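**Q** This is structure_9.txt (compact mmCIF, C-alpha atoms and all ligand atoms).
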# COMPACT_ATOMS: atom_id res chain seq x y z
CA MET K 1 25.79 1.67 -2.88
CA LEU K 2 22.94 3.81 -1.46
CA ILE K 3 19.40 4.25 -2.77
CA LEU K 4 16.83 6.65 -1.32
CA VAL K 5 13.24 5.40 -1.69
CA ALA K 6 10.19 7.67 -1.55
CA ASN K 7 6.82 6.10 -0.73
CA LEU K 8 3.93 8.56 -1.02
CA GLY K 9 0.86 6.73 0.32
CA SER K 10 -2.68 8.06 0.20
CA THR K 11 -2.42 9.12 3.87
CA SER K 12 1.33 9.12 4.47
CA PHE K 13 4.83 9.82 3.22
CA LYS K 14 7.57 7.37 4.09
CA TYR K 15 11.17 7.18 3.00
CA LYS K 16 14.17 4.96 3.58
CA LEU K 17 17.81 5.38 2.72
CA LEU K 18 19.07 1.86 1.99
CA ASP K 19 22.44 0.26 1.43
CA VAL K 20 21.96 -2.06 -1.56
CA SER K 21 25.59 -3.10 -2.01
CA GLY K 22 26.48 -6.67 -2.89
CA ASP K 23 24.37 -9.66 -3.92
CA LEU K 24 20.87 -8.97 -2.57
CA GLN K 25 19.61 -12.49 -3.43
CA SER K 26 21.93 -14.04 -0.83
CA PRO K 27 19.99 -15.65 2.07
CA ASP K 28 22.25 -13.76 4.51
CA VAL K 29 20.88 -10.39 3.41
CA ARG K 30 18.52 -8.92 6.02
CA PRO K 31 16.62 -5.88 4.67
CA ASP K 32 16.33 -4.32 8.14
CA ASP K 33 20.13 -4.23 8.50
CA ARG K 34 20.39 -2.16 5.31
CA VAL K 35 18.42 0.87 6.55
CA LEU K 36 20.64 3.90 7.16
CA ALA K 37 17.81 6.38 7.67
CA ARG K 38 14.05 6.25 7.69
CA GLY K 39 11.27 8.72 8.14
CA ALA K 40 7.50 8.82 8.06
CA VAL K 41 4.76 11.40 8.12
CA GLU K 42 1.33 10.00 9.01
CA ARG K 43 -2.17 11.40 8.66
CA ILE K 44 -1.27 13.85 5.91
CA GLY K 45 -4.08 16.32 5.37
CA ASP K 46 -5.42 15.77 8.89
CA ALA K 47 -3.62 18.91 10.02
CA SER K 48 -4.37 18.63 13.72
CA THR K 49 -2.74 15.24 14.16
CA SER K 50 -0.09 14.73 11.47
CA ARG K 51 2.84 12.85 13.03
CA CYS K 52 6.44 13.00 11.82
CA GLU K 53 9.08 10.48 12.78
CA VAL K 54 12.70 10.30 11.70
CA THR K 55 15.57 7.93 12.49
CA ILE K 56 19.01 8.64 11.06
CA GLY K 57 21.63 6.31 12.53
CA ASP K 58 21.39 6.83 16.32
CA TYR K 59 19.38 10.04 15.96
CA HIS K 60 15.62 9.69 16.51
CA ASN K 61 12.96 12.36 16.67
CA GLU K 62 9.15 12.35 16.80
CA SER K 63 6.99 15.42 16.50
CA GLU K 64 3.49 16.59 15.69
CA MET K 65 3.03 19.36 13.17
CA PRO K 66 0.42 20.31 10.61
CA VAL K 67 1.18 18.57 7.29
CA PRO K 68 -1.54 19.62 4.85
CA ASP K 69 -0.18 17.81 1.78
CA HIS K 70 2.56 15.57 0.40
CA GLY K 71 4.58 18.56 -0.89
CA VAL K 72 5.10 19.81 2.68
CA ALA K 73 5.91 16.26 3.85
CA VAL K 74 8.55 15.68 1.16
CA GLN K 75 10.11 19.07 1.86
CA ALA K 76 10.22 18.38 5.64
CA CYS K 77 11.92 15.03 5.05
CA LEU K 78 14.43 16.54 2.64
CA ASP K 79 15.27 19.13 5.28
CA GLN K 80 15.87 16.31 7.79
CA LEU K 81 18.09 14.37 5.41
CA THR K 82 20.19 17.38 4.44
CA ASP K 83 20.31 18.84 7.98
CA PRO K 84 23.96 19.90 8.58
CA GLN K 85 23.96 18.32 12.06
CA ASN K 86 22.02 15.05 11.84
CA GLY K 87 21.34 14.63 8.12
CA CYS K 88 22.92 11.87 6.08
CA LEU K 89 22.43 13.36 2.61
CA LYS K 90 24.86 16.22 2.96
CA ASP K 91 26.54 14.99 -0.18
CA ALA K 92 24.01 13.81 -2.76
CA ALA K 93 26.85 12.21 -4.73
CA GLU K 94 26.87 9.41 -2.13
CA VAL K 95 23.44 8.29 -3.35
CA SER K 96 23.21 6.28 -6.59
CA ALA K 97 19.49 6.81 -7.28
CA ILE K 98 16.14 7.87 -5.85
CA GLY K 99 13.45 5.21 -6.29
CA PHE K 100 9.72 5.98 -6.20
CA LYS K 101 6.92 3.56 -5.36
CA ALA K 102 5.02 5.15 -8.23
CA VAL K 103 1.39 4.16 -8.70
CA HIS K 104 -0.23 4.37 -12.16
CA GLY K 105 1.87 4.71 -15.32
CA GLY K 106 -0.91 3.47 -17.63
CA ARG K 107 1.03 2.69 -20.82
CA LYS K 108 4.15 2.37 -18.65
CA SER K 109 3.92 -0.67 -16.34
CA GLY K 110 7.33 -1.73 -15.05
CA THR K 111 10.41 0.08 -13.71
CA PHE K 112 11.75 3.08 -15.60
CA LEU K 113 14.25 5.90 -15.31
CA VAL K 114 12.14 9.02 -14.83
CA ASP K 115 12.19 11.24 -17.91
CA ASP K 116 9.61 13.56 -19.46
CA ASP K 117 7.85 10.64 -21.15
CA VAL K 118 7.38 8.84 -17.82
CA LEU K 119 6.08 12.04 -16.21
CA ASP K 120 3.69 12.50 -19.16
CA ALA K 121 2.48 8.89 -18.88
CA MET K 122 1.72 9.47 -15.19
CA ALA K 123 -0.02 12.78 -15.89
CA GLU K 124 -2.22 11.01 -18.47
CA MET K 125 -3.46 8.83 -15.57
CA ASN K 126 -4.07 11.69 -13.10
CA ALA K 127 -7.83 11.33 -13.49
CA ALA K 128 -7.55 7.61 -12.74
CA ALA K 129 -5.34 8.03 -9.66
CA PRO K 130 -6.16 11.51 -8.30
CA ALA K 131 -4.94 10.81 -4.75
CA HIS K 132 -1.64 9.29 -5.92
CA ASN K 133 -0.28 10.46 -9.27
CA PRO K 134 -0.29 14.27 -8.81
CA PRO K 135 1.76 14.15 -5.56
CA TYR K 136 4.24 11.71 -7.14
CA ILE K 137 4.71 13.93 -10.18
CA ALA K 138 5.24 16.96 -7.90
CA ALA K 139 7.74 15.05 -5.72
CA MET K 140 9.67 13.78 -8.74
CA LYS K 141 9.93 17.30 -10.16
CA LEU K 142 11.01 18.71 -6.79
CA LEU K 143 13.71 16.07 -6.32
CA ARG K 144 14.89 16.39 -9.95
CA GLU K 145 15.38 20.10 -9.33
CA ARG K 146 17.09 19.57 -6.00
CA PHE K 147 19.37 16.71 -7.13
CA PRO K 148 19.79 17.24 -10.90
CA ASP K 149 22.64 14.73 -11.19
CA LEU K 150 20.84 11.83 -9.50
CA PRO K 151 18.90 9.26 -11.57
CA LEU K 152 15.27 9.00 -10.48
CA VAL K 153 13.52 5.65 -10.93
CA ALA K 154 9.75 5.02 -11.07
CA ALA K 155 8.88 1.49 -9.92
CA PHE K 156 5.20 1.25 -10.84
CA GLU K 157 2.85 -0.63 -8.54
CA THR K 158 1.18 -2.43 -11.44
CA GLU K 159 4.24 -4.49 -12.49
CA PHE K 160 3.81 -7.39 -10.02
CA HIS K 161 0.35 -8.06 -11.44
CA ASP K 162 1.54 -8.60 -15.02
CA THR K 163 1.26 -12.37 -14.31
CA ILE K 164 -2.53 -12.30 -13.70
CA PRO K 165 -4.31 -14.39 -16.37
CA GLU K 166 -6.42 -12.46 -18.85
CA ALA K 167 -9.67 -14.01 -17.62
CA ARG K 168 -9.09 -12.23 -14.29
CA ARG K 169 -7.91 -8.95 -15.83
CA ALA K 170 -10.61 -8.31 -18.41
CA TYR K 171 -13.75 -6.35 -17.60
CA ALA K 172 -16.87 -7.41 -19.49
CA ILE K 173 -16.85 -4.29 -21.67
CA PRO K 174 -16.67 -3.73 -25.42
CA SER K 175 -13.30 -5.32 -26.26
CA GLN K 176 -12.14 -2.25 -28.14
CA TRP K 177 -11.98 -0.33 -24.84
CA ARG K 178 -9.48 -2.87 -23.57
CA GLN K 179 -7.42 -2.94 -26.75
CA ASP K 180 -7.34 0.78 -27.51
CA TYR K 181 -7.53 2.35 -24.05
CA GLN K 182 -6.13 -0.37 -21.72
CA VAL K 183 -9.33 -0.41 -19.65
CA GLN K 184 -8.57 -3.51 -17.60
CA LYS K 185 -7.84 -4.59 -14.03
CA TRP K 186 -4.29 -3.34 -13.45
CA GLY K 187 -3.91 -3.98 -9.72
CA PHE K 188 -1.73 -1.95 -7.35
CA HIS K 189 0.37 -2.33 -4.14
CA GLY K 190 2.68 -4.49 -6.25
CA SER K 191 5.80 -3.76 -4.18
CA SER K 192 4.05 -4.67 -0.95
CA HIS K 193 2.49 -7.87 -2.30
CA ARG K 194 5.84 -8.87 -3.86
CA PHE K 195 7.61 -8.33 -0.53
CA ILE K 196 4.98 -10.47 1.21
CA ALA K 197 5.38 -13.18 -1.46
CA GLU K 198 9.15 -13.28 -0.86
CA ARG K 199 9.02 -13.15 2.94
CA ALA K 200 6.12 -15.61 3.25
CA ALA K 201 8.02 -18.14 1.10
CA GLU K 202 10.92 -17.87 3.57
CA LEU K 203 8.68 -18.21 6.62
CA LEU K 204 6.68 -21.12 5.18
CA GLY K 205 9.86 -22.77 3.91
CA ARG K 206 8.39 -23.34 0.44
CA GLU K 207 8.22 -21.55 -2.88
CA ASP K 208 4.97 -23.06 -4.17
CA ALA K 209 2.53 -21.88 -1.48
CA LYS K 210 -0.93 -20.41 -2.15
CA ILE K 211 -1.12 -17.15 -0.21
CA ILE K 212 -3.61 -14.34 0.24
CA SER K 213 -1.71 -11.13 0.95
CA CYS K 214 -4.01 -8.64 2.71
CA HIS K 215 -2.46 -5.17 2.35
CA LEU K 216 -4.82 -3.07 4.47
CA GLY K 217 -3.97 0.61 5.04
CA GLY K 218 -4.93 4.04 3.78
CA SER K 219 -5.42 2.13 0.55
CA SER K 220 -6.25 -1.57 0.77
CA SER K 221 -6.01 -4.51 -1.60
CA LEU K 222 -5.83 -8.29 -1.45
CA THR K 223 -3.67 -10.31 -3.82
CA ALA K 224 -3.76 -14.06 -4.40
CA ILE K 225 -0.20 -15.33 -4.83
CA GLU K 226 0.71 -18.77 -6.22
CA SER K 227 4.36 -19.84 -6.37
CA GLY K 228 5.43 -16.24 -5.76
CA LYS K 229 3.32 -14.78 -8.59
CA SER K 230 0.24 -12.58 -8.49
CA VAL K 231 -2.73 -14.50 -9.93
CA MET K 232 -5.66 -12.31 -8.81
CA THR K 233 -6.07 -8.94 -7.09
CA THR K 234 -8.88 -6.76 -5.83
CA MET K 235 -7.99 -3.34 -7.25
CA GLY K 236 -8.94 -2.80 -10.87
CA MET K 237 -8.43 -0.09 -13.46
CA THR K 238 -7.72 2.44 -10.71
CA PRO K 239 -6.81 2.49 -7.00
CA GLN K 240 -10.36 3.62 -6.21
CA THR K 241 -11.72 0.07 -6.74
CA GLY K 242 -11.89 -3.22 -4.86
CA LEU K 243 -12.15 -2.86 -1.08
CA PRO K 244 -13.46 0.37 0.45
CA GLN K 245 -10.41 2.67 0.75
CA ASN K 246 -9.81 5.37 3.38
CA ASN K 247 -11.90 7.98 1.53
CA ARG K 248 -12.24 6.37 -1.92
CA VAL K 249 -15.22 4.32 -2.86
CA GLY K 250 -14.10 0.76 -3.67
CA ASP K 251 -16.32 -1.35 -5.96
CA PHE K 252 -19.39 0.55 -7.13
CA ASP K 253 -22.00 0.28 -9.87
CA PRO K 254 -21.35 3.02 -12.49
CA PHE K 255 -25.06 3.10 -13.37
CA ALA K 256 -25.84 4.79 -10.07
CA LEU K 257 -24.16 7.88 -11.56
CA PRO K 258 -26.70 8.93 -14.22
CA LEU K 259 -29.38 8.46 -11.59
CA LEU K 260 -27.48 10.65 -9.09
CA ILE K 261 -26.88 13.34 -11.73
CA GLU K 262 -30.62 13.40 -12.42
CA ARG K 263 -31.71 13.42 -8.77
CA THR K 264 -29.07 15.71 -7.20
CA GLY K 265 -28.53 18.08 -10.11
CA GLN K 266 -24.77 17.72 -9.57
CA SER K 267 -22.26 17.28 -12.38
CA LEU K 268 -20.47 14.03 -13.15
CA GLU K 269 -17.20 15.73 -12.19
CA SER K 270 -18.51 16.71 -8.77
CA LEU K 271 -19.88 13.21 -8.09
CA LEU K 272 -16.60 11.57 -9.14
CA LYS K 273 -14.70 13.92 -6.85
CA GLN K 274 -16.91 12.83 -3.96
CA LEU K 275 -16.42 9.15 -4.81
CA ALA K 276 -12.64 9.74 -4.73
CA SER K 277 -12.44 11.82 -1.56
CA GLU K 278 -15.69 11.51 0.44
CA GLY K 279 -16.36 7.80 -0.01
CA GLY K 280 -14.84 4.63 1.45
CA LEU K 281 -14.51 4.35 5.23
CA LYS K 282 -14.90 8.12 5.56
CA GLY K 283 -18.17 8.13 3.61
CA LEU K 284 -19.62 5.22 5.54
CA SER K 285 -18.60 6.48 8.98
CA GLU K 286 -19.19 10.17 8.23
CA ARG K 287 -16.37 10.67 10.68
CA SER K 288 -12.91 9.69 9.44
CA GLY K 289 -11.07 7.56 6.90
CA ASP K 290 -8.62 6.49 9.60
CA LEU K 291 -9.44 3.13 11.13
CA ARG K 292 -8.11 4.19 14.54
CA ASP K 293 -10.85 6.84 14.77
CA ILE K 294 -13.48 4.44 13.42
CA GLU K 295 -12.59 1.67 15.89
CA ALA K 296 -12.72 4.14 18.80
CA ALA K 297 -16.11 5.50 17.71
CA ALA K 298 -17.49 2.00 17.01
CA ASP K 299 -16.44 1.02 20.53
CA GLU K 300 -18.48 3.90 21.90
CA GLY K 301 -21.52 2.64 20.00
CA ASP K 302 -21.47 4.88 16.94
CA ALA K 303 -23.64 2.97 14.44
CA LYS K 304 -22.14 4.46 11.28
CA SER K 305 -18.61 3.59 12.39
CA GLN K 306 -19.78 0.07 13.22
CA LEU K 307 -21.25 -0.18 9.72
CA ALA K 308 -17.99 1.09 8.15
CA LEU K 309 -16.04 -1.62 9.98
CA SER K 310 -18.54 -4.33 8.99
CA VAL K 311 -18.58 -3.34 5.31
CA PHE K 312 -14.77 -3.31 5.23
CA VAL K 313 -14.57 -6.79 6.79
CA GLU K 314 -17.37 -8.24 4.61
CA GLU K 315 -15.63 -7.00 1.47
CA ILE K 316 -12.32 -8.55 2.53
CA ARG K 317 -14.05 -11.89 3.22
CA ARG K 318 -15.96 -11.79 -0.07
CA HIS K 319 -12.75 -11.38 -2.04
CA MET K 320 -10.91 -13.96 0.09
CA GLY K 321 -13.57 -16.51 -0.79
CA GLY K 322 -13.13 -15.83 -4.51
CA MET K 323 -9.36 -16.16 -4.20
CA ILE K 324 -9.49 -19.48 -2.34
CA VAL K 325 -11.69 -20.91 -5.11
CA ALA K 326 -9.52 -19.39 -7.86
CA MET K 327 -6.37 -20.98 -6.39
CA GLY K 328 -8.12 -24.25 -5.47
CA GLY K 329 -6.98 -23.98 -1.84
CA LEU K 330 -4.97 -21.86 0.56
CA ASP K 331 -1.78 -22.27 2.62
CA ALA K 332 -1.47 -18.87 4.28
CA ILE K 333 -3.16 -15.55 4.95
CA VAL K 334 -0.82 -12.62 5.57
CA PHE K 335 -1.88 -9.29 7.08
CA THR K 336 0.18 -6.20 6.33
CA GLY K 337 -0.13 -2.39 5.87
CA GLY K 338 -1.11 0.11 8.59
CA ILE K 339 -4.41 -1.67 9.35
CA GLY K 340 -3.22 -5.24 8.74
CA GLU K 341 -0.23 -4.78 11.03
CA ASN K 342 -2.07 -2.94 13.81
CA SER K 343 -5.76 -3.78 13.95
CA GLU K 344 -6.50 -6.91 15.96
CA VAL K 345 -10.21 -6.10 15.53
CA VAL K 346 -10.07 -6.37 11.72
CA ARG K 347 -7.82 -9.46 11.71
CA GLN K 348 -10.11 -11.26 14.19
CA ALA K 349 -13.28 -10.40 12.25
CA VAL K 350 -11.75 -11.37 8.87
CA CYS K 351 -10.76 -14.82 10.16
CA ALA K 352 -13.88 -15.50 12.27
CA ASN K 353 -15.95 -18.69 11.77
CA LEU K 354 -13.85 -20.15 8.97
CA ASP K 355 -13.03 -23.46 10.71
CA ASN K 356 -14.82 -25.34 7.91
CA LEU K 357 -12.24 -23.93 5.51
CA GLY K 358 -9.38 -24.95 7.80
CA ILE K 359 -8.75 -21.37 8.91
CA ALA K 360 -8.54 -20.87 12.69
CA ILE K 361 -7.06 -17.80 14.34
CA ASP K 362 -5.70 -17.96 17.89
CA SER K 363 -7.53 -15.02 19.49
CA SER K 364 -5.07 -14.54 22.29
CA LYS K 365 -2.05 -14.56 19.91
CA ASN K 366 -3.91 -12.01 17.80
CA LEU K 367 -4.75 -9.80 20.78
CA ASN K 368 -1.21 -9.91 22.19
CA HIS K 369 0.55 -9.70 18.84
CA ARG K 370 1.76 -6.11 19.21
CA SER K 371 3.44 -6.63 22.59
CA GLU K 372 4.77 -10.10 21.76
CA SER K 373 6.25 -9.34 18.36
CA LYS K 374 8.50 -6.45 19.43
CA GLN K 375 11.66 -8.59 19.19
CA SER K 376 10.74 -9.73 15.68
CA GLY K 377 9.95 -6.22 14.40
CA GLY K 378 6.19 -6.84 14.35
CA GLU K 379 6.34 -10.16 12.51
CA GLY K 380 4.56 -13.20 13.95
CA SER K 381 2.08 -16.03 13.38
CA LEU K 382 -1.53 -15.96 14.61
CA HIS K 383 -2.85 -19.41 13.63
CA ASP K 384 -4.23 -21.84 16.13
CA GLY K 385 -2.66 -25.33 16.37
CA SER K 386 -5.77 -26.77 14.64
CA SER K 387 -5.54 -24.47 11.61
CA ASN K 388 -4.56 -25.97 8.23
CA VAL K 389 -3.95 -22.47 6.93
CA GLN K 390 -1.18 -20.41 8.50
CA ILE K 391 -2.02 -16.83 9.50
CA TRP K 392 0.77 -14.27 9.72
CA VAL K 393 1.38 -10.60 10.34
CA ILE K 394 4.35 -9.44 8.24
CA PRO K 395 5.22 -5.73 8.31
CA THR K 396 5.53 -4.70 4.69
CA ASN K 397 8.76 -3.35 3.24
CA GLU K 398 7.81 -1.72 -0.04
CA GLU K 399 10.96 0.41 0.03
CA TRP K 400 13.18 -2.70 -0.08
CA ILE K 401 11.48 -3.98 -3.23
CA VAL K 402 11.62 -0.53 -4.86
CA ALA K 403 15.33 -0.21 -3.96
CA LYS K 404 16.11 -3.58 -5.57
CA ARG K 405 14.16 -2.61 -8.69
CA ALA K 406 15.87 0.81 -8.85
CA LYS K 407 19.30 -0.81 -8.53
CA LYS K 408 18.51 -3.01 -11.53
CA ALA K 409 17.10 -0.07 -13.51
CA ILE K 410 20.33 1.91 -13.20
CA GLY K 411 22.22 -1.15 -14.41
CA SER K 412 24.00 -2.02 -11.15
N1 LIG K 501 -2.92 1.33 15.55
C1 LIG K 501 -3.74 1.28 14.50
N2 LIG K 501 -4.94 0.64 14.59
C2 LIG K 501 -5.78 0.59 13.54
N3 LIG K 501 -5.51 1.13 12.33
C3 LIG K 501 -4.34 1.76 12.18
C4 LIG K 501 -3.39 1.87 13.24
N4 LIG K 501 -2.31 2.56 12.78
C5 LIG K 501 -2.58 2.88 11.49
N5 LIG K 501 -3.79 2.40 11.13
C6 LIG K 501 -4.47 2.54 9.82
O1 LIG K 501 -3.48 2.45 8.81
C7 LIG K 501 -3.62 3.53 7.87
C8 LIG K 501 -2.28 3.90 7.30
O2 LIG K 501 -1.78 2.77 6.65
P1 LIG K 501 -0.55 2.85 5.65
O3 LIG K 501 -0.38 1.48 5.08
O4 LIG K 501 0.61 3.45 6.32
O5 LIG K 501 -1.19 3.85 4.60
P2 LIG K 501 -0.88 4.50 3.21
O6 LIG K 501 0.42 3.94 2.69
O7 LIG K 501 -2.00 4.08 2.36
O8 LIG K 501 -0.85 5.96 3.43
C9 LIG K 501 -4.27 4.64 8.67
O9 LIG K 501 -5.01 5.48 7.81
C10 LIG K 501 -5.18 3.87 9.62
O10 LIG K 501 -6.43 3.60 9.01
C1 LIG K 502 -2.34 2.25 -4.53
C2 LIG K 502 -1.30 2.62 -3.54
O1 LIG K 502 -0.11 2.55 -3.80
O2 LIG K 502 -1.76 3.02 -2.39
P1 LIG K 502 -1.14 3.62 -1.06
O3 LIG K 502 0.23 4.15 -1.40
O4 LIG K 502 -2.09 4.69 -0.71
O5 LIG K 502 -1.07 2.53 -0.09
MG MG K 503 0.72 2.49 1.31
Kindly return the structure encoded in the file as structure tokens.

**A**
Amino acid sequence: MLILVANLGSTSFKYKLLDVSGDLQSPDVRPDDRVLARGAVERIGDASTSRCEVTIGDYHNESEMPVPDHGVAVQACLDQLTDPQNGCLKDAAEVSAIGFKAVHGGRKSGTFLVDDDVLDAMAEMNAAAPAHNPPYIAAMKLLRERFPDLPLVAAFETEFHDTIPEARRAYAIPSQWRQDYQVQKWGFHGSSHRFIAERAAELLGREDAKIISCHLGGSSSLTAIESGKSVMTTMGMTPQTGLPQNNRVGDFDPFALPLLIERTGQSLESLLKQLASEGGLKGLSERSGDLRDIEAAADEGDAKSQLALSVFVEEIRRHMGGMIVAMGGLDAIVFTGGIGENSEVVRQAVCANLDNLGIAIDSSKNLNHRSESKQSGGEGSLHDGSSNVQIWVIPTNEEWIVAKRAKKAIGS
């Protein structure tokens, strides 16, 4: 049984075609062995450097081409998959469903077959998730047109956080806003944090561990996980909140807005647009929302890029502290996502000087992680022998979680 999973990130488009036959709970199941095809387009919107990569069976190709938006990326990947020579989707009937790592469904939090009501629910949240929901809706419509007989499944990112206690979900606002308009901390990156919860339990050899999952990428969030369940997360009502994002603001005081309207003469709409596309790491560095560019510039002494890096790290540490107290301890920190998996600079700075809390990173393991974890697909531990808390890098596999959820949603 095959499921195609589409993952439209804020800066990327990734897909995997997965074989989900048989009992997926069995300990013998290895998600990496189930991938029949995968593809990724990075740096979407950064036309000069967008990178496309595709692997279908033994066929592998990497190229650079301008990819201005997710629509072009989805179309390019569909062309690869249906390519008469190397494609593996020549016959759509071979695929049982297309799963989407959908972001904000508002009144719909869970996993659903995509119908007009689901598309409407997502559209109602466009203003809350402007970088995410519109491209998902467009991709769902495109794929529905292209493969009218295939069920489409939306696996919303908020579902994993349904277990967070109310005291950590409620904003201190008039309670009617929460009751009537669901203004609350929803949390996102649920598929990634769930994958980390499952894989970390295997690696630690226990189900009851207290874990901080650091998903750091184009969008970033931390989640505190206790016994496999989300108990606290950094993103709130929308994926603009929590940590500074690539070009979205992160936590911010809404009362700066009336002041800015008064002093700049700009409209609320224009200021919100800037907070959602000119803020975050891009706003701080005035250079780029991509950490690779920021690290390179910081290295050359660029003060704004150095500040962007420091703010990002300080925010991660601030939330980590809150999570350790909320859980009453910590067994493991896991780094994942494009930044978490690749940036030794961020991992080192996040874990620095925490010996008093029993957290000690082995700097040389951290520095050499990329070259030494090739055999294990990028997975590996970074903690020093003296550390009470384990530190891991675990490449995320959001597509695997979405595929499992989609399989259930179509009743298989
Ligand atoms: N080698 C690297 N070093 C540092 N940061 C990296 C590296 N590779 C990717 N990144 C960061 O990861 C981000 C992409 O992360 P990813 O999780 O794939 O994003 P998303 O799903 O949000 O689009 C890039 O924007 C960049 O900031
Ligand atoms: C919130 C979310 O899913 O973010 P991204 O896909 O950009 O990582
Ligand atoms: Mg992502």

**Q** Counting all atoms listed in the file, which protein, DNA or RNA residues come within 7 Å of ligand MG 503 (chain K), given as a ChimeraX atom specification?

**A** /K:9-10,217-219,337

**Q** Need to verify the contact set: range 396-403 of chain K, 7 Å, all atoms listed in the file, exclusion of same-chain residues closer than 5 positions in sequence. Can you return it as a PyMOL selection string?

**A** chain K and resi 3+5+16+31+99-101+155+191-192+195-196+336-337

**Q** Output C-alpha atoms of each residue in that selection to a file, as a compact mmCIF listing (two decimals), in the coordinates of the input.

**A**
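Saved file selection.txt follows:
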# COMPACT_ATOMS: atom_id res chain seq x y z
CA ILE K 3 19.40 4.25 -2.77
CA VAL K 5 13.24 5.40 -1.69
CA LYS K 16 14.17 4.96 3.58
CA PRO K 31 16.62 -5.88 4.67
CA GLY K 99 13.45 5.21 -6.29
CA PHE K 100 9.72 5.98 -6.20
CA LYS K 101 6.92 3.56 -5.36
CA ALA K 155 8.88 1.49 -9.92
CA SER K 191 5.80 -3.76 -4.18
CA SER K 192 4.05 -4.67 -0.95
CA PHE K 195 7.61 -8.33 -0.53
CA ILE K 196 4.98 -10.47 1.21
CA THR K 336 0.18 -6.20 6.33
CA GLY K 337 -0.13 -2.39 5.87

**Q** For the point (10.3, 7.1, -11.1) in file coordinates, what residues are within 9 Å, counting all atoms listed in the file? Give the answer as a ChimeraX atom specification?

**A** /K:98-102,111-115,118-119,136-137,140,151-156,406

**Q** Would you put the residues from that selection into a file with C-alpha atoms, as a short mmCIF file (atom, residue, chain, number, x, y, z; two decimals), keeping the file's coordinate frame?

**A**
data_model
loop_
_atom_site.label_atom_id
_atom_site.label_comp_id
_atom_site.auth_asym_id
_atom_site.auth_seq_id
_atom_site.Cartn_x
_atom_site.Cartn_y
_atom_site.Cartn_z
CA ILE K 98 16.14 7.87 -5.85
CA GLY K 99 13.45 5.21 -6.29
CA PHE K 100 9.72 5.98 -6.20
CA LYS K 101 6.92 3.56 -5.36
CA ALA K 102 5.02 5.15 -8.23
CA THR K 111 10.41 0.08 -13.71
CA PHE K 112 11.75 3.08 -15.60
CA LEU K 113 14.25 5.90 -15.31
CA VAL K 114 12.14 9.02 -14.83
CA ASP K 115 12.19 11.24 -17.91
CA VAL K 118 7.38 8.84 -17.82
CA LEU K 119 6.08 12.04 -16.21
CA TYR K 136 4.24 11.71 -7.14
CA ILE K 137 4.71 13.93 -10.18
CA MET K 140 9.67 13.78 -8.74
CA PRO K 151 18.90 9.26 -11.57
CA LEU K 152 15.27 9.00 -10.48
CA VAL K 153 13.52 5.65 -10.93
CA ALA K 154 9.75 5.02 -11.07
CA ALA K 155 8.88 1.49 -9.92
CA PHE K 156 5.20 1.25 -10.84
CA ALA K 406 15.87 0.81 -8.85
#

**Q** Which of these, K:Gly110, K:Pro239, K:Gly45, K:Gly205, has the shortest distance to ligand LIG 502 (chain K) once you count all atoms listed in the file?

**A**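 Closest to ligand LIG 502 (chain K), using all atoms listed in the file: K:Pro239.
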
**Q** Name the closest residue to ligand LIG 501 (chain K) among the candidates K:Glu207, K:Glu315, K:Glu42, K:Asp116; distances are taken between atoms, counting only C-alpha atoms and all ligand atoms.

**A**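 Among the listed residues, the smallest separation from ligand LIG 501 (chain K) belongs to K:Glu42.
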
**Q** Which residue out of K:Ala224, K:Ala97, K:Ile324, K:Ile339 has the minimum interatomic distance to Pro148 in chain K when all atoms listed in the file are used?

**A**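 Checking each of K:Ala224, K:Ala97, K:Ile324, K:Ile339 against Pro148 in chain K, counting all atoms listed in the file, the winner is K:Ala97.
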
**Q** Kindly indicate which residue among K:Gly411, K:Gly87, K:Gly385, K:Gly340 lies nearest to ligand LIG 501 (chain K), using only C-alpha atoms and all ligand atoms for the distances.

**A**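 Going through K:Gly411, K:Gly87, K:Gly385, K:Gly340 one by one, the smallest distance to ligand LIG 501 (chain K) is for K:Gly340.
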
**Q** Report, in Å to a single decimal, how far apart CA of Ala409 in chain K and CA of Gln240 in chain K are.

**A**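 CA of Ala409 in chain K lies at a distance of 28.7 Å from CA of Gln240 in chain K.
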
**Q** Within 9 Å of ligand LIG 501 (chain K), counting all atoms listed in the file, which protein or nucleic acid residues do you find, written as JSON, numbers by chain?

**A** {"K": [7, 8, 9, 10, 11, 12, 13, 14, 40, 42, 43, 44, 215, 216, 217, 218, 219, 220, 245, 246, 281, 288, 289, 290, 291, 292, 293, 294, 295, 336, 337, 338, 339, 340, 341, 342, 343, 344, 345, 346, 396]}
